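Participant: See input.csv below, with CSV, C-alpha atoms and all ligand atoms.
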chain,number,residue,atom,x,y,z
O,1,MET,CA,53.5,-22.4,136.7
O,2,THR,CA,51.0,-19.8,135.5
O,3,ALA,CA,49.2,-20.4,132.2
O,4,GLU,CA,51.0,-17.3,130.8
O,5,ALA,CA,54.5,-18.8,131.6
O,6,MET,CA,53.7,-22.2,130.0
O,7,ALA,CA,54.7,-22.6,126.3
O,8,PHE,CA,51.8,-23.5,124.1
O,9,ASP,CA,51.9,-27.1,122.7
O,10,ALA,CA,49.3,-27.8,120.0
O,11,ALA,CA,49.6,-31.5,120.7
O,12,ASP,CA,48.8,-31.1,124.4
O,13,HIS,CA,46.8,-27.9,125.1
O,14,PRO,CA,43.2,-27.3,124.3
O,15,HIS,CA,42.7,-24.6,121.7
O,16,ARG,CA,40.4,-23.5,118.9
O,17,ARG,CA,41.1,-23.4,115.2
O,18,GLN,CA,39.2,-21.5,112.6
O,19,ASN,CA,38.0,-22.8,109.2
O,20,LEU,CA,39.0,-20.2,106.7
O,21,LEU,CA,36.5,-21.5,104.1
O,22,THR,CA,33.5,-21.1,106.4
O,23,GLY,CA,34.5,-18.9,109.4
O,24,GLU,CA,33.5,-21.7,111.8
O,25,TRP,CA,35.6,-22.8,114.7
O,26,VAL,CA,36.6,-26.2,116.0
O,27,LEU,CA,37.7,-27.0,119.6
O,28,VAL,CA,40.8,-29.2,119.7
O,29,SER,CA,41.4,-31.1,123.0
O,30,PRO,CA,44.5,-33.2,122.3
O,31,HIS,CA,45.0,-34.2,126.0
O,32,ARG,CA,41.7,-36.1,125.9
O,33,ALA,CA,43.1,-38.7,123.5
O,34,ARG,CA,44.8,-40.3,126.5
O,35,ARG,CA,41.5,-41.0,128.3
O,36,PRO,CA,40.6,-44.6,128.9
O,37,TRP,CA,38.1,-46.2,126.5
O,38,GLN,CA,35.7,-49.0,127.5
O,39,GLY,CA,33.2,-48.6,124.8
O,40,ALA,CA,32.6,-50.7,121.7
O,41,GLN,CA,35.7,-51.9,119.9
O,42,ALA,CA,34.6,-54.5,117.4
O,43,THR,CA,36.2,-55.4,114.1
O,44,LEU,CA,34.2,-56.0,110.9
O,45,ALA,CA,34.4,-59.1,108.8
O,46,ALA,CA,34.7,-57.9,105.2
O,47,PRO,CA,31.5,-58.9,103.3
O,48,THR,CA,32.1,-61.0,100.2
O,49,ARG,CA,30.3,-59.4,97.3
O,50,LEU,CA,29.5,-60.6,93.8
O,51,ALA,CA,30.6,-58.6,90.8
O,52,HIS,CA,27.0,-58.7,89.6
O,53,ASP,CA,24.2,-59.0,92.2
O,54,PRO,CA,20.8,-60.0,90.7
O,55,GLY,CA,19.0,-58.2,93.6
O,56,CYS,CA,20.8,-54.9,93.1
O,57,TYR,CA,18.9,-51.9,91.6
O,58,LEU,CA,22.0,-50.5,90.2
O,59,CYS,CA,23.7,-53.5,88.4
O,60,PRO,CA,23.6,-53.6,84.6
O,61,GLY,CA,20.5,-55.3,83.1
O,62,ASN,CA,18.6,-55.2,86.4
O,63,VAL,CA,15.2,-53.6,87.0
O,64,ARG,CA,15.2,-50.5,89.3
O,65,ALA,CA,12.8,-49.8,92.2
O,66,ASN,CA,10.4,-48.0,89.8
O,67,GLY,CA,10.3,-50.7,87.2
O,68,VAL,CA,12.8,-49.3,84.7
O,69,ARG,CA,15.5,-51.7,83.4
O,70,ASN,CA,19.1,-50.6,83.5
O,71,PRO,CA,21.0,-50.9,80.2
O,72,ASP,CA,23.9,-53.4,79.9
O,73,TYR,CA,26.3,-50.6,80.7
O,74,ASP,CA,30.0,-51.2,80.6
O,75,GLY,CA,31.5,-47.9,81.9
O,76,THR,CA,29.9,-45.3,84.1
O,77,PHE,CA,26.1,-45.1,84.1
O,78,VAL,CA,24.1,-42.0,84.9
O,79,PHE,CA,20.3,-42.0,85.4
O,80,ALA,CA,17.7,-39.6,86.7
O,81,ASN,CA,17.1,-40.4,90.4
O,82,ASP,CA,13.8,-42.2,90.7
O,83,PHE,CA,13.2,-40.5,94.1
O,84,ALA,CA,14.8,-37.1,93.4
O,85,ALA,CA,15.0,-34.6,96.2
O,86,LEU,CA,14.6,-31.8,93.7
O,87,LEU,CA,12.0,-31.5,90.9
O,88,PRO,CA,12.3,-29.1,87.9
O,89,GLU,CA,8.8,-27.6,88.1
O,90,THR,CA,7.5,-26.7,91.5
O,91,PRO,CA,5.4,-23.8,92.6
O,92,ALA,CA,7.0,-21.2,94.9
O,93,PRO,CA,6.0,-21.3,98.6
O,94,ASP,CA,4.7,-18.2,100.5
O,95,ASP,CA,7.5,-16.3,102.2
O,96,ALA,CA,6.6,-14.7,105.5
O,97,THR,CA,8.6,-12.8,108.2
O,98,LEU,CA,8.3,-15.5,110.8
O,99,PHE,CA,8.0,-18.3,108.3
O,100,PRO,CA,10.7,-17.7,105.7
O,101,ALA,CA,10.7,-19.9,102.7
O,102,ALA,CA,12.2,-19.9,99.2
O,103,PRO,CA,11.6,-21.9,96.0
O,104,ALA,CA,13.7,-25.0,95.3
O,105,ARG,CA,13.8,-26.4,91.8
O,106,GLY,CA,16.2,-28.8,90.3
O,107,GLU,CA,17.0,-32.3,89.3
O,108,ALA,CA,18.9,-35.3,90.8
O,109,ARG,CA,20.9,-38.1,89.1
O,110,VAL,CA,22.6,-41.2,90.3
O,111,ILE,CA,26.0,-42.2,88.8
O,112,CYS,CA,27.1,-45.8,89.0
O,113,PHE,CA,30.9,-45.8,89.0
O,114,SER,CA,31.3,-49.1,87.0
O,115,PRO,CA,29.2,-52.2,86.2
O,116,ASP,CA,31.1,-54.0,89.0
O,117,HIS,CA,28.9,-54.4,92.1
O,118,ALA,CA,31.9,-55.3,94.3
O,119,ARG,CA,34.6,-52.8,93.5
O,120,THR,CA,34.6,-49.4,95.3
O,121,LEU,CA,36.3,-46.2,94.0
O,122,PRO,CA,39.7,-47.1,95.4
O,123,GLU,CA,39.4,-50.7,94.1
O,124,LEU,CA,38.9,-49.5,90.5
O,125,SER,CA,41.9,-49.1,88.1
O,126,ASP,CA,43.2,-45.6,87.4
O,127,ALA,CA,41.6,-45.8,84.0
O,128,GLU,CA,38.2,-46.7,85.5
O,129,ARG,CA,38.5,-43.9,88.1
O,130,ARG,CA,39.4,-41.5,85.3
O,131,ALA,CA,36.2,-42.5,83.6
O,132,VAL,CA,34.3,-41.5,86.8
O,133,ILE,CA,36.1,-38.2,86.9
O,134,ASP,CA,35.3,-37.5,83.2
O,135,THR,CA,31.6,-38.3,84.0
O,136,TRP,CA,31.6,-35.9,86.9
O,137,CYS,CA,33.1,-33.2,84.7
O,138,ALA,CA,30.6,-33.8,81.9
O,139,GLN,CA,27.7,-33.7,84.4
O,140,SER,CA,28.9,-30.5,86.0
O,141,ALA,CA,29.1,-28.8,82.6
O,142,GLU,CA,25.8,-30.1,81.3
O,143,LEU,CA,23.7,-29.4,84.5
O,144,GLY,CA,25.7,-26.2,85.2
O,145,ALA,CA,24.4,-24.8,81.9
O,146,ARG,CA,20.8,-25.0,83.3
O,147,TRP,CA,21.1,-24.7,87.1
O,148,ALA,CA,22.7,-22.3,89.5
O,149,HIS,CA,24.5,-25.0,91.4
O,150,VAL,CA,25.6,-28.6,90.8
O,151,ALA,CA,26.5,-30.8,93.8
O,152,ILE,CA,28.5,-33.9,93.0
O,153,PHE,CA,29.0,-36.3,96.0
O,154,GLU,CA,29.2,-39.9,97.2
O,155,ASN,CA,27.9,-41.3,100.4
O,156,LYS,CA,29.8,-44.5,101.1
O,157,GLY,CA,28.9,-47.2,103.6
O,158,GLU,CA,25.9,-48.1,105.7
O,159,MET,CA,27.2,-45.9,108.4
O,160,MET,CA,26.8,-42.9,106.2
O,161,GLY,CA,23.2,-43.9,105.1
O,162,CYS,CA,24.3,-45.2,101.7
O,163,SER,CA,21.3,-47.2,100.4
O,164,SER,CA,23.1,-49.6,98.0
O,165,PRO,CA,26.4,-51.4,98.2
O,166,HIS,CA,26.9,-50.9,94.4
O,167,PRO,CA,29.5,-48.2,94.2
O,168,HIS,CA,27.7,-45.0,93.1
O,169,GLY,CA,27.5,-41.3,93.7
O,170,GLN,CA,24.8,-38.7,93.4
O,171,ILE,CA,24.4,-35.4,91.6
O,172,TRP,CA,21.9,-32.8,92.8
O,173,ALA,CA,21.5,-29.6,90.6
O,174,GLY,CA,19.3,-26.7,91.7
O,175,ASP,CA,18.3,-23.2,91.2
O,176,PHE,CA,19.8,-22.0,94.5
O,177,VAL,CA,23.3,-22.1,96.1
O,178,PRO,CA,23.2,-24.3,99.2
O,179,ASP,CA,24.4,-22.9,102.6
O,180,HIS,CA,27.8,-24.5,102.8
O,181,VAL,CA,28.7,-23.5,99.3
O,182,ALA,CA,27.4,-19.9,99.8
O,183,ARG,CA,29.5,-19.6,103.0
O,184,GLU,CA,32.6,-20.8,101.1
O,185,ASP,CA,31.8,-18.4,98.3
O,186,ARG,CA,31.7,-15.4,100.7
O,187,HIS,CA,34.9,-16.4,102.5
O,188,GLN,CA,36.9,-17.0,99.3
O,189,ARG,CA,35.7,-13.8,97.7
O,190,ALA,CA,36.5,-11.8,100.9
O,191,TRP,CA,40.0,-13.3,101.1
O,192,GLN,CA,40.7,-12.4,97.4
O,193,ALA,CA,39.4,-8.9,97.9
O,194,ALA,CA,41.4,-8.3,101.1
O,195,ARG,CA,44.7,-9.9,100.1
O,196,GLY,CA,44.7,-10.1,96.3
O,197,ALA,CA,45.4,-13.8,96.6
O,198,THR,CA,43.3,-17.0,96.3
O,199,LEU,CA,42.6,-18.5,99.7
O,200,LEU,CA,43.1,-22.2,98.7
O,201,ASP,CA,46.2,-21.4,96.6
O,202,ALA,CA,47.7,-19.9,99.7
O,203,VAL,CA,46.7,-22.8,101.8
O,204,ALA,CA,48.1,-25.3,99.3
O,205,ALA,CA,51.4,-23.4,99.2
O,206,ALA,CA,51.7,-23.3,103.0
O,207,GLU,CA,50.7,-27.0,103.5
O,208,ALA,CA,52.9,-28.6,100.8
O,209,ASP,CA,55.3,-31.1,102.4
O,210,GLY,CA,54.0,-30.0,105.8
O,211,PRO,CA,52.7,-32.0,108.8
O,212,ARG,CA,49.2,-32.2,107.5
O,213,GLN,CA,49.9,-33.4,104.0
O,214,VAL,CA,48.7,-36.9,103.2
O,215,GLU,CA,49.1,-37.1,99.4
O,216,ALA,CA,50.4,-34.9,96.7
O,217,ASN,CA,51.3,-34.8,93.0
O,218,ASP,CA,51.9,-32.0,90.4
O,219,HIS,CA,48.2,-31.1,90.2
O,220,TRP,CA,46.7,-32.0,93.6
O,221,LEU,CA,47.3,-31.8,97.3
O,222,ALA,CA,45.4,-33.8,99.9
O,223,ILE,CA,45.7,-32.6,103.5
O,224,VAL,CA,44.0,-33.0,106.8
O,225,PRO,CA,43.0,-29.3,107.0
O,226,TRP,CA,44.2,-27.2,109.9
O,227,TRP,CA,40.5,-26.8,110.9
O,228,ALA,CA,39.4,-30.5,110.3
O,229,ALA,CA,36.3,-31.3,112.4
O,230,TRP,CA,36.0,-35.0,111.6
O,231,PRO,CA,38.9,-37.2,113.0
O,232,PHE,CA,40.3,-38.1,109.5
O,233,GLU,CA,38.7,-35.4,107.4
O,234,THR,CA,40.7,-34.5,104.3
O,235,LEU,CA,40.6,-31.6,101.8
O,236,ILE,CA,41.8,-32.2,98.2
O,237,ILE,CA,42.9,-29.0,96.6
O,238,ALA,CA,43.5,-28.4,92.9
O,239,ARG,CA,46.9,-26.8,92.5
O,240,ASP,CA,46.1,-25.4,89.1
O,241,PRO,CA,43.9,-22.3,89.0
O,242,VAL,CA,40.7,-24.2,88.2
O,243,THR,CA,37.4,-23.1,89.6
O,244,ARG,CA,35.0,-25.8,88.3
O,245,MET,CA,35.3,-29.5,87.6
O,246,GLU,CA,34.8,-29.3,83.9
O,247,ASP,CA,37.8,-26.9,83.5
O,248,LEU,CA,40.3,-29.6,84.7
O,249,SER,CA,43.0,-30.4,82.1
O,250,ASP,CA,43.6,-33.9,80.8
O,251,ALA,CA,46.7,-34.1,82.9
O,252,ALA,CA,44.9,-33.0,86.1
O,253,ARG,CA,42.2,-35.6,85.6
O,254,THR,CA,44.7,-38.4,85.2
O,255,ALA,CA,46.6,-37.1,88.3
O,256,LEU,CA,43.3,-37.0,90.2
O,257,ALA,CA,42.5,-40.6,89.3
O,258,GLN,CA,45.8,-41.6,90.9
O,259,LEU,CA,45.6,-39.4,93.9
O,260,LEU,CA,42.0,-40.5,94.7
O,261,GLY,CA,43.0,-44.1,94.5
O,262,ARG,CA,46.0,-43.6,96.8
O,263,LEU,CA,44.2,-41.5,99.4
O,264,MET,CA,41.2,-43.8,99.6
O,265,THR,CA,43.4,-46.9,99.8
O,266,ARG,CA,45.1,-45.3,102.8
O,267,TYR,CA,41.7,-44.8,104.4
O,268,ASP,CA,40.8,-48.5,103.8
O,269,ASP,CA,44.1,-49.6,105.2
O,270,LEU,CA,43.8,-47.4,108.4
O,271,PHE,CA,41.2,-49.5,110.1
O,272,ASP,CA,41.3,-52.5,107.7
O,273,THR,CA,37.8,-51.8,106.3
O,274,SER,CA,36.0,-50.3,103.3
O,275,PHE,CA,36.2,-46.8,104.8
O,276,PRO,CA,32.8,-45.1,105.0
O,277,TYR,CA,32.6,-41.3,104.2
O,278,SER,CA,30.7,-38.5,102.6
O,279,PHE,CA,32.8,-37.0,99.8
O,280,GLY,CA,32.0,-34.3,97.4
O,281,TRP,CA,33.2,-31.5,95.2
O,282,HIS,CA,33.0,-27.7,95.8
O,283,GLY,CA,33.5,-25.4,92.8
O,284,ALA,CA,32.3,-22.0,91.8
O,285,PRO,CA,28.5,-22.0,91.5
O,286,HIS,CA,27.4,-21.9,87.9
O,287,GLY,CA,24.8,-19.2,88.5
O,288,SER,CA,27.4,-16.5,88.3
O,289,ALA,CA,30.1,-15.9,85.7
O,290,ASP,CA,32.2,-14.2,88.3
O,291,THR,CA,34.2,-17.0,89.9
O,292,THR,CA,36.5,-14.6,91.9
O,293,GLY,CA,38.3,-16.2,94.8
O,294,TRP,CA,37.3,-19.8,94.0
O,295,ARG,CA,39.6,-22.8,93.7
O,296,LEU,CA,38.1,-26.3,93.0
O,297,HIS,CA,38.4,-28.7,95.9
O,298,ALA,CA,36.8,-31.8,97.5
O,299,HIS,CA,36.0,-32.6,101.1
O,300,VAL,CA,36.2,-36.1,102.5
O,301,TYR,CA,34.2,-36.5,105.7
O,302,PRO,CA,34.7,-39.9,107.2
O,303,PRO,CA,32.9,-40.7,110.5
O,304,LEU,CA,35.3,-43.3,111.9
O,305,LEU,CA,37.4,-42.5,115.0
O,306,ARG,CA,39.0,-45.6,116.6
O,307,SER,CA,38.2,-48.6,114.5
O,308,ALA,CA,36.0,-50.0,111.7
O,309,THR,CA,33.0,-49.7,114.0
O,310,VAL,CA,33.8,-46.9,116.5
O,311,ARG,CA,32.7,-43.7,115.0
O,312,LYS,CA,32.9,-40.0,116.1
O,313,PHE,CA,29.5,-38.7,117.1
O,314,MET,CA,28.8,-35.0,116.6
O,315,VAL,CA,26.7,-34.7,119.7
O,316,GLY,CA,26.5,-32.7,122.9
O,317,PHE,CA,28.9,-29.8,122.7
O,318,GLU,CA,29.2,-30.3,118.9
O,319,MET,CA,25.4,-30.0,118.4
O,320,LEU,CA,25.0,-27.2,120.9
O,321,GLY,CA,28.4,-25.4,120.7
O,322,GLU,CA,30.9,-26.2,117.9
O,323,PRO,CA,32.7,-29.3,116.6
O,324,GLN,CA,35.4,-30.7,119.0
O,325,ARG,CA,38.2,-33.2,118.3
O,326,ASP,CA,40.7,-35.0,120.5
O,327,LEU,CA,43.2,-36.3,117.9
O,328,THR,CA,45.0,-33.4,116.3
O,329,PRO,CA,44.8,-32.9,112.5
O,330,GLU,CA,48.7,-33.4,112.5
O,331,GLN,CA,48.3,-36.8,114.3
O,332,ALA,CA,45.5,-37.8,111.9
O,333,ALA,CA,47.7,-36.9,108.9
O,334,GLU,CA,50.6,-38.9,110.4
O,335,ARG,CA,48.4,-42.0,110.7
O,336,LEU,CA,47.1,-41.7,107.2
O,337,ARG,CA,50.6,-41.3,105.9
O,338,ALA,CA,51.7,-44.4,107.8
O,339,ALA,CA,48.8,-46.4,106.1
O,340,LYS,CA,49.4,-48.2,102.8
O,341,ALA,CA,48.6,-46.1,99.6
O,342,VAL,CA,48.7,-49.2,97.3
O,343,ARG,CA,46.6,-52.3,97.8
O,344,ALA,CA,48.5,-55.5,98.4
I,1,LIG,P1,22.5,-43.2,98.3
I,1,LIG,O1,22.9,-44.6,98.5
I,1,LIG,O2,23.6,-42.2,98.6
I,1,LIG,O3,21.2,-42.9,99.1
I,1,LIG,O4,22.1,-43.0,96.8
I,1,LIG,C1,21.2,-43.9,96.1
I,1,LIG,C2,20.2,-43.1,95.3
I,1,LIG,O5,19.7,-44.0,94.3
I,1,LIG,C3,19.1,-42.7,96.2
I,1,LIG,O6,19.0,-41.3,96.1
I,1,LIG,C4,18.3,-43.7,94.2
I,1,LIG,C5,17.8,-43.3,95.6
I,1,LIG,O7,16.8,-42.4,95.5
I,1,LIG,N1,17.7,-44.9,93.6
I,1,LIG,C6,17.0,-44.8,92.4
I,1,LIG,O8,16.9,-43.7,91.9
I,1,LIG,N2,16.5,-45.9,91.9
I,1,LIG,C7,16.5,-47.2,92.5
I,1,LIG,O9,16.0,-48.1,91.9
I,1,LIG,C8,17.3,-47.4,93.7
I,1,LIG,C9,17.8,-46.1,94.3
I,2,ZN,ZN,25.0,-53.8,91.9
Please express what this file holds, its structure, as structure tokens.
Ligand code: H2U
Ligand code: ZN
Facilitator:
Amino acid sequence: MTAEAMAFDAADHPHRRQNLLTGEWVLVSPHRARRPWQGAQATLAAPTRLAHDPGCYLCPGNVRANGVRNPDYDGTFVFANDFAALLPETPAPDDATLFPAAPARGEARVICFSPDHARTLPELSDAERRAVIDTWCAQSAELGARWAHVAIFENKGEMMGCSSPHPHGQIWAGDFVPDHVAREDRHQRAWQAARGATLLDAVAAAEADGPRQVEANDHWLAIVPWWAAWPFETLIIARDPVTRMEDLSDAARTALAQLLGRLMTRYDDLFDTSFPYSFGWHGAPHGSADTTGWRLHAHVYPPLLRSATVRKFMVGFEMLGEPQRDLTPEQAAERLRAAKAVRA
């Protein structure tokens, strides 16, 4: 049969999908998921962890790497990163045609999710997760009043380069809009201008109850996006017309605490491990009052592919061409839906 006569099957035929937030493409090669695998396939013994670790820099009452003692905090705890990637006062570099450079000023903070050294975000109660969300919102408002952009994120797990097992996230605020956000800014504005609709509002409407939905409630939708590059990547979209974290209503914050708990518990159940990921929020940059086209959302980028230890590597074609995946986003969503959303 000629290729023209064959009916296209997204679960079988190689094809490319475009990320509407960035314009980037991903190569989907579903037929490759059937290839034999003789590589590593280990399982991980769950490490037992104390609720308070005397050697941890982040636990309440302990002394940090720079000698400062943490207070005896009992909720979330935010402090200025002792090794901040951005500093408030730095001179501007020379900018030359062949050596382009730009100033970078800002500040970085660390947020401990709770005093408990052993409980990760999905292991906290809804009320404790709500406290983390309120802290994110307050930080976004406070730092956004001074800086053009506030990045709120969490690196979880050694595999993602996380430097401490104490559940924590980071906040980097700066006087510039970083590349990924600038790209999403352009694409969301262009969509709004061309169609008179908000891109992620349209995506949420089209994806609700569809094959890529993983979790949903009145205020949020979590999907494996059509264009997912990482095997189990998800996109969490605010269903209300909110452009920045601090504008979330009381009801949306409570609903987010529940949805995040369920989504991340599914991840943990999938490979029976504390699922590693990089996770973070994208909202309208604070540097401009014009938030046209924006819808608040979060990206979850987990590296795992086949088990607790077998990860996806973005190498070869991915480094030199564009991201590629074998498992389709629909298959990934199906597997996440089949995992448990509530801890036993
Ligand atoms: P990561 O685990 O995602 O790397 O975040 C931990 C951050 O905590 C890291 O940026 C900071 C590191 O600089 N940190 C302190 O500020 N003080 C410490 O005593 C330990 C770690
Ligand atoms: Zn700790």
Participant: Please check which protein, DNA or RNA residues sit within 9 Å of ligand ZN 2 (chain I), counting only C-alpha atoms and all ligand atoms, and write them as a count of residues only.
Facilitator: 21
Participant: With only C-alpha atoms and all ligand atoms as the atoms that count, which of O:Asn217, O:Asn66, O:Thr292, O:Thr265 lies nearest to ligand LIG 1 (chain I)?
Facilitator: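 Once distances to ligand LIG 1 (chain I) are computed over only C-alpha atoms and all ligand atoms, the minimum belongs to O:Asn66.
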Participant: Would you compute the distance between atom CA of Gln139 of chain O and atom CA of Gln170 of chain O? Give it in Å to one decimal.
Facilitator: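 Those two atoms sit 10.7 Å apart.
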Participant: Go ahead and fit an axis-aligned box to every listed atom of ligand LIG 1 (chain I) plus 6 Å each side, and pass me the centre and edge lengths in Å, one decimal, as JSON.
Facilitator:
{"center_x": 19.8, "center_y": -44.7, "center_z": 95.5, "size_x": 19.6, "size_y": 18.8, "size_z": 19.2}
Participant: Do a neighbour search on Phe113 of chain O at 6 Å with only C-alpha atoms, toss out local chain neighbours closer than 4 positions, and write the hits as number ranges by chain.
Facilitator: O: 76, 132, 167-168
Participant: Which of these, O:Asp12, O:Asp185, O:Asp126, O:Glu233, has the shortest distance to Leu259 of chain O once you count all atoms listed in the file?
Facilitator: O:Asp126
Participant: Would you mind listing the residues within 12 Å of ligand LIG 1 (chain I), counting all atoms listed in the file, as number ranges by chain?
Facilitator: O: 55-60, 62-70, 78-86, 107-112, 152-172, 276-280
Participant: Mind giving me the straight-line distance from atom CA of Leu248 of chain O to atom CA of Arg343 of chain O in Å, one decimal?
Facilitator: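 Taking atom CA of Leu248 of chain O as the start and atom CA of Arg343 of chain O as the end point, the length is 27.0 Å.
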Participant: When distances are computed from all atoms listed in the file, which of O:Gly261, O:Pro93, O:Pro231, O:Pro30 shows the smallest separation from Arg306 of chain O?
Facilitator: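 Checking each candidate against Arg306 of chain O, we get O:Pro231 as the closest.
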Participant: Work out how far atom CA of Phe275 of chain O is from atom CA of Lys340 of chain O, in Å to one decimal.
Facilitator: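 Here the two named atoms are 13.4 Å from each other.
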Participant: Which one is closest to Ala145 of chain O: O:Asp95, O:Glu215, O:Glu246, O:Asp201? Count all atoms listed in the file.
Facilitator: O:Glu246
Participant: All heavy atoms are needed for segment 204-211 of chain O; please write them out as a PDB file, keeping the file's coordinate frame.
Facilitator:
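Result written to part_15.pdb:
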ATOM      1  N   ALA O 204      47.346 -24.237  99.942  1.00  0.00           N
ATOM      2  CA  ALA O 204      48.100 -25.300  99.300  1.00  0.00           C
ATOM      3  C   ALA O 204      49.613 -25.017  99.360  1.00  0.00           C
ATOM      4  O   ALA O 204      50.421 -25.910  99.643  1.00  0.00           O
ATOM      5  CB  ALA O 204      47.657 -25.496  97.853  1.00  0.00           C
ATOM      6  N   ALA O 205      49.981 -23.765  99.138  1.00  0.00           N
ATOM      7  CA  ALA O 205      51.400 -23.400  99.200  1.00  0.00           C
ATOM      8  C   ALA O 205      51.963 -23.596 100.594  1.00  0.00           C
ATOM      9  O   ALA O 205      53.064 -24.120 100.782  1.00  0.00           O
ATOM     10  CB  ALA O 205      51.595 -21.961  98.721  1.00  0.00           C
ATOM     11  N   ALA O 206      51.178 -23.208 101.592  1.00  0.00           N
ATOM     12  CA  ALA O 206      51.700 -23.300 103.000  1.00  0.00           C
ATOM     13  C   ALA O 206      51.697 -24.743 103.486  1.00  0.00           C
ATOM     14  O   ALA O 206      52.501 -25.078 104.347  1.00  0.00           O
ATOM     15  CB  ALA O 206      50.759 -22.455 103.884  1.00  0.00           C
ATOM     16  N   GLU O 207      50.810 -25.601 102.956  1.00  0.00           N
ATOM     17  CA  GLU O 207      50.700 -27.000 103.500  1.00  0.00           C
ATOM     18  C   GLU O 207      51.596 -27.976 102.755  1.00  0.00           C
ATOM     19  O   GLU O 207      51.817 -29.075 103.268  1.00  0.00           O
ATOM     20  CB  GLU O 207      49.241 -27.457 103.365  1.00  0.00           C
ATOM     21  CG  GLU O 207      48.254 -26.711 104.272  1.00  0.00           C
ATOM     22  CD  GLU O 207      48.347 -27.160 105.727  1.00  0.00           C
ATOM     23  OE1 GLU O 207      49.263 -27.930 106.073  1.00  0.00           O
ATOM     24  OE2 GLU O 207      47.488 -26.727 106.514  1.00  0.00           O
ATOM     25  N   ALA O 208      52.112 -27.619 101.557  1.00  0.00           N
ATOM     26  CA  ALA O 208      52.900 -28.600 100.800  1.00  0.00           C
ATOM     27  C   ALA O 208      54.093 -29.079 101.593  1.00  0.00           C
ATOM     28  O   ALA O 208      54.822 -28.279 102.187  1.00  0.00           O
ATOM     29  CB  ALA O 208      53.372 -27.928  99.481  1.00  0.00           C
ATOM     30  N   ASP O 209      54.245 -30.398 101.645  1.00  0.00           N
ATOM     31  CA  ASP O 209      55.300 -31.100 102.400  1.00  0.00           C
ATOM     32  C   ASP O 209      55.292 -30.800 103.887  1.00  0.00           C
ATOM     33  O   ASP O 209      56.285 -31.025 104.576  1.00  0.00           O
ATOM     34  CB  ASP O 209      56.708 -30.657 101.823  1.00  0.00           C
ATOM     35  CG  ASP O 209      56.855 -31.035 100.355  1.00  0.00           C
ATOM     36  OD1 ASP O 209      56.415 -32.150 100.001  1.00  0.00           O
ATOM     37  OD2 ASP O 209      57.373 -30.212  99.571  1.00  0.00           O
ATOM     38  N   GLY O 210      54.154 -30.343 104.379  1.00  0.00           N
ATOM     39  CA  GLY O 210      54.000 -30.000 105.800  1.00  0.00           C
ATOM     40  C   GLY O 210      53.425 -31.186 106.603  1.00  0.00           C
ATOM     41  O   GLY O 210      53.146 -32.256 106.051  1.00  0.00           O
ATOM     42  N   PRO O 211      53.209 -30.957 107.897  1.00  0.00           N
ATOM     43  CA  PRO O 211      52.700 -32.000 108.800  1.00  0.00           C
ATOM     44  C   PRO O 211      51.312 -32.501 108.530  1.00  0.00           C
ATOM     45  O   PRO O 211      50.921 -33.547 109.037  1.00  0.00           O
ATOM     46  CB  PRO O 211      52.836 -31.380 110.187  1.00  0.00           C
ATOM     47  CG  PRO O 211      52.773 -29.911 109.942  1.00  0.00           C
ATOM     48  CD  PRO O 211      53.437 -29.683 108.610  1.00  0.00           C
TER      49      PRO O 211
END
